[in-house]
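> Please find target.txt (compact mmCIF, C-alpha atoms and all ligand atoms) on the next line:
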# COMPACT_ATOMS: atom_id res chain seq x y z
CA MET A 18 198.23 162.10 41.61
CA HIS A 19 198.42 165.88 41.96
CA ASN A 20 196.98 165.98 45.45
CA PHE A 21 199.04 163.19 46.95
CA LEU A 22 200.99 165.72 49.02
CA SER A 23 199.75 169.19 49.86
CA PHE A 24 200.59 171.94 52.33
CA ASP A 25 198.34 172.79 55.24
CA THR A 26 199.12 174.92 58.29
CA ARG A 27 201.23 172.17 59.85
CA GLY A 28 203.28 171.38 56.77
CA LEU A 29 203.46 168.93 53.89
CA TYR A 30 200.62 166.42 54.36
CA CYS A 31 199.88 163.04 52.79
CA ARG A 32 196.15 162.42 53.04
CA ALA A 33 196.33 158.79 51.87
CA GLY A 34 198.73 157.92 54.68
CA GLY A 35 197.61 160.43 57.32
CA PHE A 36 201.19 161.59 57.91
CA TYR A 37 203.32 164.71 57.42
CA LEU A 38 206.77 165.09 55.91
CA ASP A 39 209.06 167.34 57.99
CA PRO A 40 206.10 169.20 59.58
CA ARG A 41 206.65 172.70 60.97
CA LEU A 42 204.19 172.18 63.82
CA ILE A 43 203.56 169.17 66.06
CA VAL A 44 201.63 166.29 64.44
CA ASN A 45 200.65 162.68 65.22
CA HIS A 46 202.70 161.02 62.50
CA ALA A 47 205.82 162.72 61.16
CA ILE A 48 208.35 161.32 58.74
CA ILE A 49 211.54 163.31 59.39
CA SER A 50 214.02 163.45 56.53
CA HIS A 51 216.89 164.78 58.67
CA ALA A 52 217.61 166.51 61.94
CA HIS A 53 218.08 170.15 60.82
CA SER A 54 215.67 172.39 62.65
CA ASP A 55 213.74 173.53 59.56
CA HIS A 56 212.80 169.85 59.05
CA ALA A 57 212.66 168.39 62.54
CA VAL A 58 210.66 170.12 65.28
CA ARG A 59 210.30 169.08 68.89
CA GLY A 60 207.17 167.27 70.13
CA ASN A 61 205.79 165.06 67.33
CA LYS A 62 203.94 162.02 68.73
CA ASN A 63 205.25 159.43 66.27
CA VAL A 64 208.50 160.07 64.46
CA TYR A 65 209.64 157.89 61.56
CA CYS A 66 213.30 158.37 60.68
CA THR A 67 216.75 156.78 60.47
CA ALA A 68 218.79 155.89 63.56
CA PRO A 69 221.22 158.85 63.27
CA THR A 70 218.32 161.29 62.81
CA ALA A 71 216.66 159.86 65.95
CA ALA A 72 219.96 160.23 67.86
CA PHE A 73 220.37 163.89 66.80
CA MET A 74 216.74 164.72 67.59
CA LYS A 75 216.96 163.09 71.02
CA LYS A 76 220.14 165.07 71.72
CA LYS A 77 218.38 168.31 70.72
CA PHE A 78 214.90 167.67 72.08
CA GLY A 79 215.08 164.86 74.67
CA SER A 80 213.50 161.47 74.07
CA LYS A 81 209.79 162.36 74.41
CA GLY A 82 207.61 160.97 71.62
CA GLU A 83 207.76 157.59 69.98
CA TYR A 84 210.62 157.01 67.55
CA HIS A 85 210.07 154.44 64.83
CA VAL A 86 213.62 153.94 63.58
CA LYS A 87 213.86 152.67 60.00
CA ASP A 88 216.79 151.28 58.06
CA TYR A 89 217.46 152.57 54.56
CA GLY A 90 215.77 150.31 52.01
CA ALA A 91 213.35 148.72 54.52
CA LYS A 92 209.68 149.06 53.51
CA PHE A 93 207.05 150.02 56.07
CA ASN A 94 203.47 151.25 55.95
CA ILE A 95 201.68 154.26 57.35
CA GLY A 96 197.99 153.99 56.53
CA GLU A 97 197.62 152.79 52.95
CA VAL A 98 200.99 154.14 51.86
CA SER A 99 204.09 151.98 51.55
CA ILE A 100 207.25 153.88 52.50
CA THR A 101 211.00 153.33 52.04
CA LEU A 102 213.84 155.63 53.12
CA PHE A 103 216.95 156.07 50.96
CA PRO A 104 220.16 158.04 51.68
CA ALA A 105 219.96 161.72 50.66
CA GLY A 106 223.69 162.49 51.02
CA HIS A 107 222.93 165.78 52.83
CA MET A 108 224.24 164.86 56.32
CA LEU A 109 224.48 161.72 58.44
CA GLY A 110 221.10 159.96 58.58
CA SER A 111 219.45 162.19 55.96
CA ALA A 112 216.80 160.37 53.96
CA GLN A 113 214.78 160.65 50.80
CA VAL A 114 211.28 159.28 51.28
CA LEU A 115 209.84 156.99 48.62
CA MET A 116 206.06 156.59 48.90
CA GLU A 117 204.05 154.08 46.89
CA PHE A 118 200.27 154.33 46.61
CA GLU A 119 197.88 152.83 44.07
CA GLY A 120 200.73 151.86 41.77
CA VAL A 121 202.32 155.33 41.67
CA LYS A 122 205.76 156.11 43.14
CA TYR A 123 206.36 159.49 44.77
CA LEU A 124 209.80 160.61 45.94
CA TYR A 125 210.43 163.38 48.46
CA THR A 126 214.14 164.28 48.46
CA GLY A 127 214.27 166.38 51.62
CA ASP A 128 217.56 168.29 51.48
CA PHE A 129 220.03 166.40 49.32
CA LYS A 130 223.29 166.45 47.45
CA THR A 131 224.82 163.88 45.12
CA VAL A 132 228.50 164.87 45.33
CA ALA A 133 230.87 162.64 47.31
CA ASP A 134 230.91 163.26 51.06
CA THR A 135 232.48 160.61 53.27
CA SER A 136 230.96 162.11 56.42
CA CYS A 137 227.58 160.63 55.50
CA GLU A 138 225.85 157.90 53.53
CA PRO A 139 226.15 158.43 49.73
CA PHE A 140 223.09 159.67 47.82
CA HIS A 141 221.05 156.83 46.37
CA PHE A 142 219.38 157.36 42.98
CA VAL A 143 215.76 156.13 43.02
CA LYS A 144 213.19 155.94 40.21
CA ALA A 145 209.78 157.48 40.79
CA ASP A 146 206.85 158.87 38.79
CA VAL A 147 206.57 162.05 40.80
CA LEU A 148 209.43 164.02 42.32
CA TYR A 149 209.17 166.45 45.24
CA THR A 150 212.54 168.18 45.35
CA GLU A 151 214.26 170.95 47.23
CA THR A 152 215.35 173.84 45.00
CA THR A 153 217.70 175.70 47.33
CA PHE A 154 220.29 176.30 44.60
CA ALA A 155 218.16 175.75 41.51
CA LYS A 156 219.75 178.40 39.31
CA PRO A 157 222.35 177.91 36.57
CA SER A 158 224.68 180.32 38.41
CA PHE A 159 225.02 177.80 41.23
CA ALA A 160 227.79 175.37 40.33
CA HIS A 161 229.54 174.28 43.49
CA PRO A 162 233.29 173.68 43.16
CA ASP A 163 235.06 170.51 44.33
CA PRO A 164 235.00 170.49 48.17
CA GLU A 165 238.45 168.91 48.47
CA GLN A 166 239.97 171.68 46.37
CA GLU A 167 238.08 174.26 48.38
CA ILE A 168 239.36 173.01 51.75
CA SER A 169 242.90 172.64 50.35
CA LYS A 170 243.00 176.43 49.81
CA LEU A 171 243.58 176.70 53.55
CA ASN A 172 247.04 175.16 53.08
CA ASN A 173 248.12 178.37 51.31
CA TYR A 174 248.00 180.25 54.61
CA SER A 175 250.45 179.86 57.46
CA GLY A 176 251.33 181.87 60.54
CA ILE A 177 247.68 182.69 61.23
CA ASN A 178 244.86 180.69 62.78
CA ILE A 179 241.87 180.12 60.54
CA LEU A 180 238.30 180.59 61.76
CA ILE A 181 235.68 178.59 59.83
CA GLY A 182 231.98 179.28 60.31
CA ALA A 183 229.95 176.11 59.91
CA TYR A 184 226.57 175.25 61.37
CA SER A 185 226.96 172.92 64.28
CA LEU A 186 225.15 169.87 62.92
CA GLY A 187 226.15 168.40 59.58
CA LYS A 188 228.46 171.06 58.19
CA ALA A 189 230.80 171.21 61.22
CA GLN A 190 231.39 167.46 61.02
CA ARG A 191 231.97 167.53 57.26
CA ILE A 192 234.43 170.44 57.56
CA THR A 193 236.26 168.73 60.43
CA GLN A 194 236.68 165.58 58.34
CA LEU A 195 237.74 167.49 55.20
CA ALA A 196 240.23 169.66 57.10
CA ALA A 197 241.71 166.73 59.04
CA GLN A 198 242.17 164.85 55.78
CA HIS A 199 243.36 167.58 53.41
CA CYS A 200 245.18 170.01 55.71
CA PRO A 201 247.62 167.65 57.46
CA GLY A 202 249.90 170.45 58.73
CA LYS A 203 247.09 172.04 60.69
CA LYS A 204 245.36 171.23 63.96
CA VAL A 205 241.56 171.02 63.80
CA VAL A 206 239.84 172.52 66.83
CA VAL A 207 236.08 172.24 67.33
CA HIS A 208 233.76 174.56 69.24
CA SER A 209 232.00 172.89 72.20
CA GLU A 210 228.57 173.33 70.63
CA SER A 211 229.36 170.87 67.84
CA VAL A 212 231.21 168.33 69.96
CA PRO A 213 228.16 166.22 71.01
CA PHE A 214 227.19 165.92 67.33
CA HIS A 215 230.78 164.98 66.40
CA LYS A 216 230.53 162.19 68.99
CA ILE A 217 227.24 160.92 67.53
CA TYR A 218 228.84 160.79 64.07
CA GLU A 219 231.72 158.77 65.50
CA SER A 220 229.35 156.48 67.41
CA PHE A 221 227.83 155.54 64.04
CA GLY A 222 231.27 154.61 62.71
CA TYR A 223 232.01 157.83 60.78
CA SER A 224 235.57 158.84 61.61
CA LEU A 225 236.07 162.62 61.43
CA GLY A 226 239.86 162.38 61.63
CA ASN A 227 242.04 164.06 64.27
CA TRP A 228 240.28 166.91 66.04
CA VAL A 229 240.22 168.38 69.53
CA ARG A 230 237.66 170.34 71.52
CA TYR A 231 238.46 174.03 71.95
CA GLU A 232 240.30 174.84 75.18
CA LYS A 233 241.31 178.25 76.55
CA ASN A 234 244.73 179.52 75.45
CA LEU A 235 244.98 176.96 72.66
CA LEU A 236 244.78 179.72 70.05
CA LYS A 237 247.43 181.83 71.79
CA GLU A 238 249.93 179.01 71.76
CA ASN A 239 249.43 177.96 68.16
CA ASP A 240 249.25 179.62 64.78
CA ASN A 241 248.40 176.59 62.66
CA ILE A 242 244.89 176.00 63.94
CA ILE A 243 241.68 175.57 62.00
CA TYR A 244 238.94 176.50 64.45
CA VAL A 245 235.45 175.32 63.42
CA VAL A 246 232.75 177.45 65.04
CA PRO A 247 228.96 177.89 64.73
CA PRO A 248 227.63 180.99 62.90
CA SER A 249 226.92 183.05 66.04
CA VAL A 250 230.52 182.70 67.22
CA TYR A 251 231.83 183.33 63.71
CA PHE A 252 229.98 186.62 63.34
CA LYS A 253 231.11 187.74 66.82
CA HIS A 254 234.62 187.71 65.36
CA ALA A 255 233.57 189.48 62.16
CA ASP A 256 235.96 192.41 62.72
CA SER A 257 238.78 190.45 64.29
CA LYS A 258 242.19 190.59 62.64
CA LYS A 259 243.43 187.69 64.75
CA PHE A 260 242.09 185.11 62.32
CA LEU A 261 241.79 184.42 58.66
CA LYS A 262 238.01 184.11 58.42
CA THR A 263 235.87 182.01 56.12
CA PHE A 264 232.30 180.72 56.28
CA ALA A 265 231.74 177.31 54.69
CA THR A 266 228.55 177.57 52.65
CA GLY A 267 226.95 177.88 49.25
CA TRP A 268 224.88 180.84 50.48
CA LYS A 269 226.33 184.04 49.07
CA GLN A 270 224.82 186.21 51.83
CA PHE A 271 227.23 184.64 54.34
CA TYR A 272 230.34 185.73 52.48
CA ARG A 273 230.29 189.28 53.82
CA SER A 274 232.92 188.99 56.58
CA ASN A 275 235.02 186.45 54.74
CA ASP A 276 238.74 186.90 54.11
CA LEU A 277 238.52 183.85 51.88
CA ARG A 278 235.62 182.16 50.13
CA LEU A 279 234.93 178.53 51.01
CA THR A 280 232.07 177.28 48.85
CA ILE A 281 231.19 173.99 50.48
CA SER A 282 227.49 173.28 50.27
CA ASP A 283 225.32 170.39 51.43
CA HIS A 284 222.61 171.12 48.85
CA ALA A 285 222.45 170.02 45.23
CA ASP A 286 223.42 172.66 42.69
CA TRP A 287 221.76 173.22 39.30
CA ARG A 288 223.73 170.41 37.60
CA GLU A 289 223.00 167.88 40.33
CA LEU A 290 219.30 168.67 40.17
CA HIS A 291 219.29 168.13 36.43
CA ALA A 292 221.24 164.86 36.76
CA LEU A 293 218.62 163.61 39.20
CA ILE A 294 215.76 164.55 36.88
CA ALA A 295 217.55 162.98 33.89
CA TYR A 296 217.99 159.73 35.79
CA MET A 297 214.49 159.62 37.19
CA LYS A 298 212.49 160.97 34.23
CA PRO A 299 209.50 161.81 36.44
CA LYS A 300 206.17 162.82 34.95
CA THR A 301 205.87 165.71 37.36
CA VAL A 302 208.33 167.65 39.51
CA PHE A 303 207.06 169.59 42.50
CA THR A 304 209.50 172.13 43.91
CA LEU A 305 209.79 172.93 47.61
CA HIS A 306 212.32 175.03 49.55
CA GLY A 307 213.88 177.82 47.62
CA ASP A 308 212.87 179.19 44.28
CA GLY A 309 211.67 176.68 41.68
CA SER A 310 210.94 179.31 39.01
CA ARG A 311 214.14 178.75 36.98
CA LEU A 312 213.51 175.03 36.84
CA LYS A 313 209.91 175.63 35.78
CA LYS A 314 211.07 177.98 33.05
CA PHE A 315 213.75 175.56 31.90
CA PHE A 316 211.25 172.74 31.35
CA ALA A 317 208.40 174.92 30.03
CA GLY A 318 206.70 173.38 26.99
CA GLN A 319 208.14 169.93 27.66
CA ALA A 320 206.24 166.78 28.62
CA MET A 321 207.47 166.92 32.19
CA ASN A 322 205.53 169.31 34.34
CA VAL A 323 207.23 171.51 36.96
CA VAL A 324 204.92 172.80 39.68
CA MET A 325 205.96 175.14 42.46
CA LEU A 326 204.07 173.56 45.32
CA ASN A 327 204.38 176.28 47.89
CA GLY A 328 203.28 179.74 46.77
CA LYS A 329 205.34 181.33 49.53
CA GLN A 330 208.63 179.95 48.34
CA LYS A 331 210.61 183.14 48.82
CA GLU A 332 209.56 183.31 52.46
CA GLU A 333 210.26 179.65 52.95
CA SER A 334 213.67 180.03 51.39
CA LYS A 335 214.47 182.73 53.91
CA GLN A 336 213.46 180.44 56.78
CA HIS A 337 215.60 177.71 55.29
CA SER A 338 218.69 179.89 55.37
CA LEU A 339 217.83 181.26 58.81
CA SER A 340 217.77 177.70 60.11
CA LEU A 341 221.55 177.84 59.88
CA PHE A 342 221.29 179.93 62.99
CA SER A 343 218.36 178.28 64.72
CA ASP A 344 220.13 174.95 64.66
CA GLU A 345 222.47 176.19 67.29
CA ASN A 346 219.71 177.93 69.18
CA THR A 347 217.70 174.76 69.59
CA PHE A 348 220.76 173.04 70.86
CA ARG A 349 221.78 175.59 73.46
ZN ZN A 401 219.19 170.36 55.93
ZN ZN A 402 216.52 172.32 54.88
Would it be possible to restate this file's structure as structure tokens?
Ligand SMILES: [Zn+2]
Ligand SMILES: [Zn+2]


Amino acid sequence: MHNFLSFDTRGLYCRAGGFYLDPRLIVNHAIISHAHSDHAVRGNKNVYCTAPTAAFMKKKFGSKGEYHVKDYGAKFNIGEVSITLFPAGHMLGSAQVLMEFEGVKYLYTGDFKTVADTSCEPFHFVKADVLYTETTFAKPSFAHPDPEQEISKLNNYSGINILIGAYSLGKAQRITQLAAQHCPGKKVVVHSESVPFHKIYESFGYSLGNWVRYEKNLLKENDNIIYVVPPSVYFKHADSKKFLKTFATGWKQFYRSNDLRLTISDHADWRELHALIAYMKPKTVFTLHGDGSRLKKFFAGQAMNVVMLNGKQKEESKQHSLSLFSDENTFR
């Protein structure tokens, strides 16, 4: 049970099934939890994922490789392992991967959140014996506030355009939808880099509300605009006084050029992680992504075992946060 998944140079490998989960390098069989670039790389031969994830990956990488598109809840097999995808609530198409082998259920969360987000499928609670979870914000100090209240803060400002930094896939669409819904007096303008992803969201039936693509002079003529831009564009304007600036994230390191803090995260916080564990009651929890040490300490001496699967978690955590930037780079 302890060696069901293990890291090798290509990524997280399942020997029993002969496949990888979100591999970092090209492999034959890759289950891709979602289309962010720290989880989905270009060039895998066989890709198993949801329809939106396939659409995002094809937009980013072209359609080379064979895509095996799977519906949530539909069982399929790779090798001897039976697999089912369930919504992870992280972004459109994001999936948790349930794997069943020799009577044991293993769940890989990928990136996930359980809080309400109408820009994607709601998180689905699944029972399993063994949990492989992300631990991006696995510290008690991380308690994300209500996203609707966060976005509504923008209504307190008038007479100045607001610049929101949001990575171009996932966050930009969520922010667009939140702003369109909760800031009715403002006009939501979207940077061209995110527009193709906005259109994919809408093609899957997810309305993002009223928004327009950025056009020259739009900002000169208006002072009630919310302009959603990718990180590189946001930081180019770091010293600008023309905008009220805020970066939508749970990562504290991105708050430096903020005029206002907008804590809107797509990762589970400490409470969400504990709610998941309480529901699932797994025998073992393996932590990936981020620092699992607080969780390990919290459950020390209890029947449930917490194992930090990747020894280089600090390094990996850094890559995870850097992917905020590489997501745009892969798209350019
Ligand atoms: Zn992600
Ligand atoms: Zn990630």

> May I ask which of the residues A:His51, A:Lys203, A:Arg41, A:His85 is the closest one to ligand ZN 402 (chain A), counting all atoms listed in the file?

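Answer, going by the shortest atom-to-atom distance: A:His51.
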
> Just the residues within 8 Å of Asn63 of chain A, please, counting only C-alpha atoms, with nothing from its chain fewer than 3 positions along; format it as a list in words.

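Non-adjacent residues within range: Val44, Asn45, His46, Ala47, Gly82, Glu83, Tyr84 and His85 of chain A.
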
> Nearest to ligand ZN 402 (chain A) among A:Pro40, A:Gly127, A:Gly267, A:Pro247, with distances taken over all atoms listed in the file: which residue is it?

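Distance minimum relative to ligand ZN 402 (chain A) lands on A:Gly127.
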
> A:Met321, A:Leu102, A:Ile217, A:Leu29: which is nearest His306 of chain A, counting all atoms listed in the file?

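Between A:Met321, A:Leu102, A:Ile217, A:Leu29, the residue approaching His306 of chain A most closely is A:Leu29.
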
> Could you give me, as a VMD selection string, every polymer residue with an atom at most 7 Å away from an atom of ligand ZN 402 (chain A), counting only C-alpha atoms and all ligand atoms?

chain A and resid 53 55 to 56 128 337

> Of the residues A:Ala72, A:Leu186, A:Leu225, A:Cys200, which is the one nearest to ligand ZN 401 (chain A), using only C-alpha atoms and all ligand atoms?

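Looking only at the distances to ligand ZN 401 (chain A), the closest residue turns out to be A:Leu186.
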
> Using only C-alpha atoms, determine which residues lie at most 6 Å from segment 112-124 of chain A, disregarding the query and same-chain residues fewer than 6 positions distant; provide the list as a list in words.

Ser50, Val98, Ser99, Ile100, Thr101, Leu102, Phe103, Pro104, Ala105, Ala145, Asp146, Val147, Leu148 and Tyr149 of chain A

> What is the atom CA of Thr70 of chain A to atom CA of Leu195 of chain A distance in Å?

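The value is 21.8 Å.
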
> Closest to Tyr231 of chain A among A:Phe214, A:Val207, A:Gly318, A:Phe252, using all atoms listed in the file?

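Between A:Phe214, A:Val207, A:Gly318, A:Phe252, the residue approaching Tyr231 of chain A most closely is A:Val207.
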
> Here is a test: counting only C-alpha atoms, which residue of A:Ile177, A:Leu305, A:Leu290, A:Cys137 is nearest to Tyr244 of chain A?

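Between A:Ile177, A:Leu305, A:Leu290, A:Cys137, the residue approaching Tyr244 of chain A most closely is A:Ile177.
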
> Which residues are close to Tyr223 of chain A, i.e. within 9 Å by all atoms listed in the file, leaving aside same-chain residues fewer than 4 positions away? Reply as a PyMOL selection string.

chain A and resi 109+135-137+217-219

> Need to verify the contact set: Gly176 of chain A, 10 Å, only C-alpha atoms, exclusion of same-chain residues closer than 6 positions in sequence. Can you return it as a ChimeraX atom specification?

/A:239-242,260

> Rounded to one decimal in Å, what is the spacing between atom CA of Leu261 of chain A and atom CA of Ser209 of chain A?

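Going from atom CA of Leu261 of chain A over to atom CA of Ser209 of chain A covers 20.3 Å.
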
> For atom CA of Thr150 of chain A and atom CA of Tyr30 of chain A, quote the distance in Å rounded to one decimal.

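These atoms are spaced 15.0 Å apart.
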
> Atoms are missing here; could segment 266-283 of chain A be completed with N, CA and C atoms and written as a PDB file, keeping the file's coordinate frame?


ATOM      1  N   THR A 266     229.952 177.624  53.091  1.00  0.00           N
ATOM      2  CA  THR A 266     228.550 177.570  52.650  1.00  0.00           C
ATOM      3  C   THR A 266     228.429 177.838  51.161  1.00  0.00           C
ATOM      4  N   GLY A 267     227.284 177.493  50.606  1.00  0.00           N
ATOM      5  CA  GLY A 267     226.950 177.880  49.250  1.00  0.00           C
ATOM      6  C   GLY A 267     226.139 179.171  49.217  1.00  0.00           C
ATOM      7  N   TRP A 268     225.699 179.630  50.400  1.00  0.00           N
ATOM      8  CA  TRP A 268     224.880 180.840  50.480  1.00  0.00           C
ATOM      9  C   TRP A 268     225.742 182.087  50.343  1.00  0.00           C
ATOM     10  N   LYS A 269     225.489 182.861  49.310  1.00  0.00           N
ATOM     11  CA  LYS A 269     226.330 184.040  49.070  1.00  0.00           C
ATOM     12  C   LYS A 269     226.190 185.102  50.159  1.00  0.00           C
ATOM     13  N   GLN A 270     225.022 185.151  50.814  1.00  0.00           N
ATOM     14  CA  GLN A 270     224.820 186.210  51.830  1.00  0.00           C
ATOM     15  C   GLN A 270     225.725 186.031  53.055  1.00  0.00           C
ATOM     16  N   PHE A 271     226.347 184.848  53.184  1.00  0.00           N
ATOM     17  CA  PHE A 271     227.230 184.640  54.340  1.00  0.00           C
ATOM     18  C   PHE A 271     228.691 184.927  54.031  1.00  0.00           C
ATOM     19  N   TYR A 272     228.957 185.470  52.858  1.00  0.00           N
ATOM     20  CA  TYR A 272     230.340 185.730  52.480  1.00  0.00           C
ATOM     21  C   TYR A 272     230.839 187.086  52.968  1.00  0.00           C
ATOM     22  N   ARG A 273     229.930 187.881  53.585  1.00  0.00           N
ATOM     23  CA  ARG A 273     230.290 189.280  53.820  1.00  0.00           C
ATOM     24  C   ARG A 273     231.526 189.490  54.698  1.00  0.00           C
ATOM     25  N   SER A 274     231.722 188.712  55.768  1.00  0.00           N
ATOM     26  CA  SER A 274     232.920 188.990  56.580  1.00  0.00           C
ATOM     27  C   SER A 274     234.056 188.006  56.280  1.00  0.00           C
ATOM     28  N   ASN A 275     233.978 187.402  55.120  1.00  0.00           N
ATOM     29  CA  ASN A 275     235.020 186.450  54.740  1.00  0.00           C
ATOM     30  C   ASN A 275     236.324 187.117  54.302  1.00  0.00           C
ATOM     31  N   ASP A 276     237.457 186.523  54.700  1.00  0.00           N
ATOM     32  CA  ASP A 276     238.740 186.900  54.110  1.00  0.00           C
ATOM     33  C   ASP A 276     239.016 186.008  52.905  1.00  0.00           C
ATOM     34  N   LEU A 277     238.303 184.878  52.883  1.00  0.00           N
ATOM     35  CA  LEU A 277     238.520 183.850  51.880  1.00  0.00           C
ATOM     36  C   LEU A 277     237.172 183.178  51.648  1.00  0.00           C
ATOM     37  N   ARG A 278     236.906 182.801  50.408  1.00  0.00           N
ATOM     38  CA  ARG A 278     235.620 182.160  50.130  1.00  0.00           C
ATOM     39  C   ARG A 278     235.774 180.640  50.151  1.00  0.00           C
ATOM     40  N   LEU A 279     234.885 179.982  50.902  1.00  0.00           N
ATOM     41  CA  LEU A 279     234.930 178.530  51.010  1.00  0.00           C
ATOM     42  C   LEU A 279     233.541 177.995  50.627  1.00  0.00           C
ATOM     43  N   THR A 280     233.390 177.702  49.328  1.00  0.00           N
ATOM     44  CA  THR A 280     232.070 177.280  48.850  1.00  0.00           C
ATOM     45  C   THR A 280     231.929 175.771  49.031  1.00  0.00           C
ATOM     46  N   ILE A 281     231.450 175.406  50.210  1.00  0.00           N
ATOM     47  CA  ILE A 281     231.190 173.990  50.480  1.00  0.00           C
ATOM     48  C   ILE A 281     229.736 173.898  50.918  1.00  0.00           C
ATOM     49  N   SER A 282     228.933 173.287  50.046  1.00  0.00           N
ATOM     50  CA  SER A 282     227.490 173.280  50.270  1.00  0.00           C
ATOM     51  C   SER A 282     226.983 171.856  50.460  1.00  0.00           C
ATOM     52  N   ASP A 283     225.927 171.711  51.239  1.00  0.00           N
ATOM     53  CA  ASP A 283     225.320 170.390  51.430  1.00  0.00           C
ATOM     54  C   ASP A 283     224.018 170.250  50.643  1.00  0.00           C
TER      55      ASP A 283
END
